[in-house]
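Let me begin by presenting the structure, written as structure tokens, before commenting on it.
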Amino acid sequence: MRLLSTSIHGIADYAVGLVVLLLPYLYDMHSTPKTILLLLGGSALVYSLFTDYELGLLPVIPFRLLFGAFMIAASMLISFPQSSRMVVASLGVLAILVVVLTGRDRVDQGPTKTRT
């Protein structure tokens, strides 16, 4: 049994996407760190719209761990301000945990076929 429903997962996806979009402004970032976070945050919102859960606008994409992996990698490879590096990595870990802890059955459709 998983701890999170797919609807809670959807809310978390949109919330994390918005937080990632706000990080460059909260930490006064510029250049590459700002661009990377804006791309990651925007991507998170777009793929959330297309993810196969209740809050997806056009549910065609199965769950993925990719966003979390990119956030963790970015925290190590991009020269973020020291004060924000742990926040970026933590959001990546949080994103992976949300995927791992989410049950694979949509509330509105019952059990579904294979998801990754």
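Residues in the structure tokens are named by chain (A, B, ... in the order shown) and by number from 1 within that chain; ligands are numbered from 1 in the order shown.
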Quiz prompt | Close residues, stretch 59-64 of chain A itself excluded, 7 Å, only C-alpha atoms, min 2 positions apart in chain, as a list of chain:residue names | solution =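 Surrounding residues, per the criterion: A:Phe50, A:Thr51, A:Asp52, A:Tyr53, A:Gly56, A:Leu57, A:Leu66, A:Val99, A:Arg115, A:Thr116.
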Quiz item: Where in chain A does DSSP assign strand (DSSP E or B), given as number ranges by chain?
Solution: A: 4, 51, 61, 102, 106, 110
Kindly export the residues of the current selection with N, CA, C and O atoms, as a JSON list (two decimals), in the first residue's frame.
[["chain", "number", "residue", "atom", "x", "y", "z"],
["A", 4, "LEU", "N", 0.38, 7.93, -0.60],
["A", 4, "LEU", "CA", -0.24, 9.08, -1.26],
["A", 4, "LEU", "C", -1.16, 8.64, -2.38],
["A", 4, "LEU", "O", -0.86, 7.72, -3.12],
["A", 51, "THR", "N", 0.26, 14.60, -17.21],
["A", 51, "THR", "CA", 0.46, 13.36, -16.46],
["A", 51, "THR", "C", -0.86, 12.63, -16.24],
["A", 51, "THR", "O", -1.91, 13.25, -16.06],
["A", 61, "ILE", "N", 1.01, 11.09, -19.98],
["A", 61, "ILE", "CA", 2.36, 10.75, -19.51],
["A", 61, "ILE", "C", 2.24, 9.97, -18.20],
["A", 61, "ILE", "O", 1.59, 10.43, -17.26],
["A", 102, "THR", "N", 3.47, 7.22, -3.98],
["A", 102, "THR", "CA", 2.14, 7.35, -4.58],
["A", 102, "THR", "C", 1.61, 6.00, -5.03],
["A", 102, "THR", "O", 2.29, 5.25, -5.72],
["A", 106, "ARG", "N", -5.69, 5.45, -9.92],
["A", 106, "ARG", "CA", -6.38, 6.73, -9.94],
["A", 106, "ARG", "C", -7.69, 6.60, -9.19],
["A", 106, "ARG", "O", -8.40, 5.62, -9.31],
["A", 110, "GLY", "N", -10.28, 3.73, -10.83],
["A", 110, "GLY", "CA", -9.97, 2.41, -10.31],
["A", 110, "GLY", "C", -8.59, 1.99, -10.76],
["A", 110, "GLY", "O", -7.81, 2.79, -11.24]]
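Residues lying within 8 Å of A:Ser79, counting only C-alpha atoms and ignoring same-chain neighbours fewer than 4 positions away, are Thr32, Pro33 and Ser75 of chain A.
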Quiz prompt | Residue with smallest distance to A:Lys34 - pool A:Ser84, A:Ser5, A:Ser48, A:Ser90, counting only C-alpha atoms | solution =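 Result for the nearest residue to A:Lys34: A:Ser84.
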Quiz item: Between A:Gly92, A:Leu3, A:Ile78, A:Gly103, which has the minimum distance to A:Gly41 (counting only C-alpha atoms)?
Solution: A:Gly92
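Proximity ranking of A:Met86, A:Leu45, A:Leu58, A:Ala74 relative to A:Tyr14 places A:Leu45 first, based on only C-alpha atoms.
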Quiz item: Leaving out A:Val88 and any residue of its chain fewer than 3 positions from it, which residues lie within 12 Å of it when counting only C-alpha atoms, given as a PyMOL selection string?
Solution: chain A and resi 16-17+19-24+27+33-34+36-37+40-41+67-85+91-95
Written selection (C-alpha atoms) as a PDB file, in the first residue's frame:
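Written out: part.pdb:
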ATOM      1  CA  VAL A  16       6.786  21.918  -6.422  1.00  0.00           C
ATOM      2  CA  GLY A  17       6.736  23.334  -9.961  1.00  0.00           C
ATOM      3  CA  VAL A  19       8.148  26.694  -5.800  1.00  0.00           C
ATOM      4  CA  VAL A  20      10.946  25.902  -8.276  1.00  0.00           C
ATOM      5  CA  LEU A  21       9.776  28.801 -10.467  1.00  0.00           C
ATOM      6  CA  LEU A  22       9.908  31.126  -7.439  1.00  0.00           C
ATOM      7  CA  LEU A  23      13.345  30.028  -6.158  1.00  0.00           C
ATOM      8  CA  PRO A  24      15.406  32.263  -8.489  1.00  0.00           C
ATOM      9  CA  TYR A  27      17.338  33.791  -3.703  1.00  0.00           C
ATOM     10  CA  PRO A  33      21.080  29.007 -12.052  1.00  0.00           C
ATOM     11  CA  LYS A  34      18.032  31.189 -12.728  1.00  0.00           C
ATOM     12  CA  ILE A  36      17.901  26.186 -15.089  1.00  0.00           C
ATOM     13  CA  LEU A  37      15.318  26.608 -12.329  1.00  0.00           C
ATOM     14  CA  LEU A  40      12.781  22.938 -14.549  1.00  0.00           C
ATOM     15  CA  GLY A  41       9.844  24.653 -12.836  1.00  0.00           C
ATOM     16  CA  PHE A  67      12.262  15.760 -12.537  1.00  0.00           C
ATOM     17  CA  GLY A  68      13.663  14.782  -9.136  1.00  0.00           C
ATOM     18  CA  ALA A  69      16.803  13.377 -10.702  1.00  0.00           C
ATOM     19  CA  PHE A  70      17.338  16.594 -12.679  1.00  0.00           C
ATOM     20  CA  MET A  71      16.889  18.729  -9.555  1.00  0.00           C
ATOM     21  CA  ILE A  72      19.440  16.683  -7.613  1.00  0.00           C
ATOM     22  CA  ALA A  73      21.903  16.724 -10.511  1.00  0.00           C
ATOM     23  CA  ALA A  74      21.427  20.466 -11.004  1.00  0.00           C
ATOM     24  CA  SER A  75      22.166  21.121  -7.320  1.00  0.00           C
ATOM     25  CA  MET A  76      25.554  19.441  -7.778  1.00  0.00           C
ATOM     26  CA  LEU A  77      26.471  20.607 -11.294  1.00  0.00           C
ATOM     27  CA  ILE A  78      25.230  24.211 -11.449  1.00  0.00           C
ATOM     28  CA  SER A  79      26.818  26.972  -9.380  1.00  0.00           C
ATOM     29  CA  PHE A  80      23.764  27.859  -7.319  1.00  0.00           C
ATOM     30  CA  PRO A  81      24.216  30.272  -4.425  1.00  0.00           C
ATOM     31  CA  GLN A  82      25.271  28.222  -1.398  1.00  0.00           C
ATOM     32  CA  SER A  83      22.142  29.277   0.486  1.00  0.00           C
ATOM     33  CA  SER A  84      19.896  27.654  -2.136  1.00  0.00           C
ATOM     34  CA  ARG A  85      21.876  24.550  -3.131  1.00  0.00           C
ATOM     35  CA  LEU A  91      13.091  19.513  -3.759  1.00  0.00           C
ATOM     36  CA  GLY A  92      14.573  16.826  -6.013  1.00  0.00           C
ATOM     37  CA  VAL A  93      14.520  14.289  -3.186  1.00  0.00           C
ATOM     38  CA  LEU A  94      10.964  15.342  -2.297  1.00  0.00           C
ATOM     39  CA  ALA A  95       9.856  14.865  -5.910  1.00  0.00           C
TER      40      ALA A  95
END
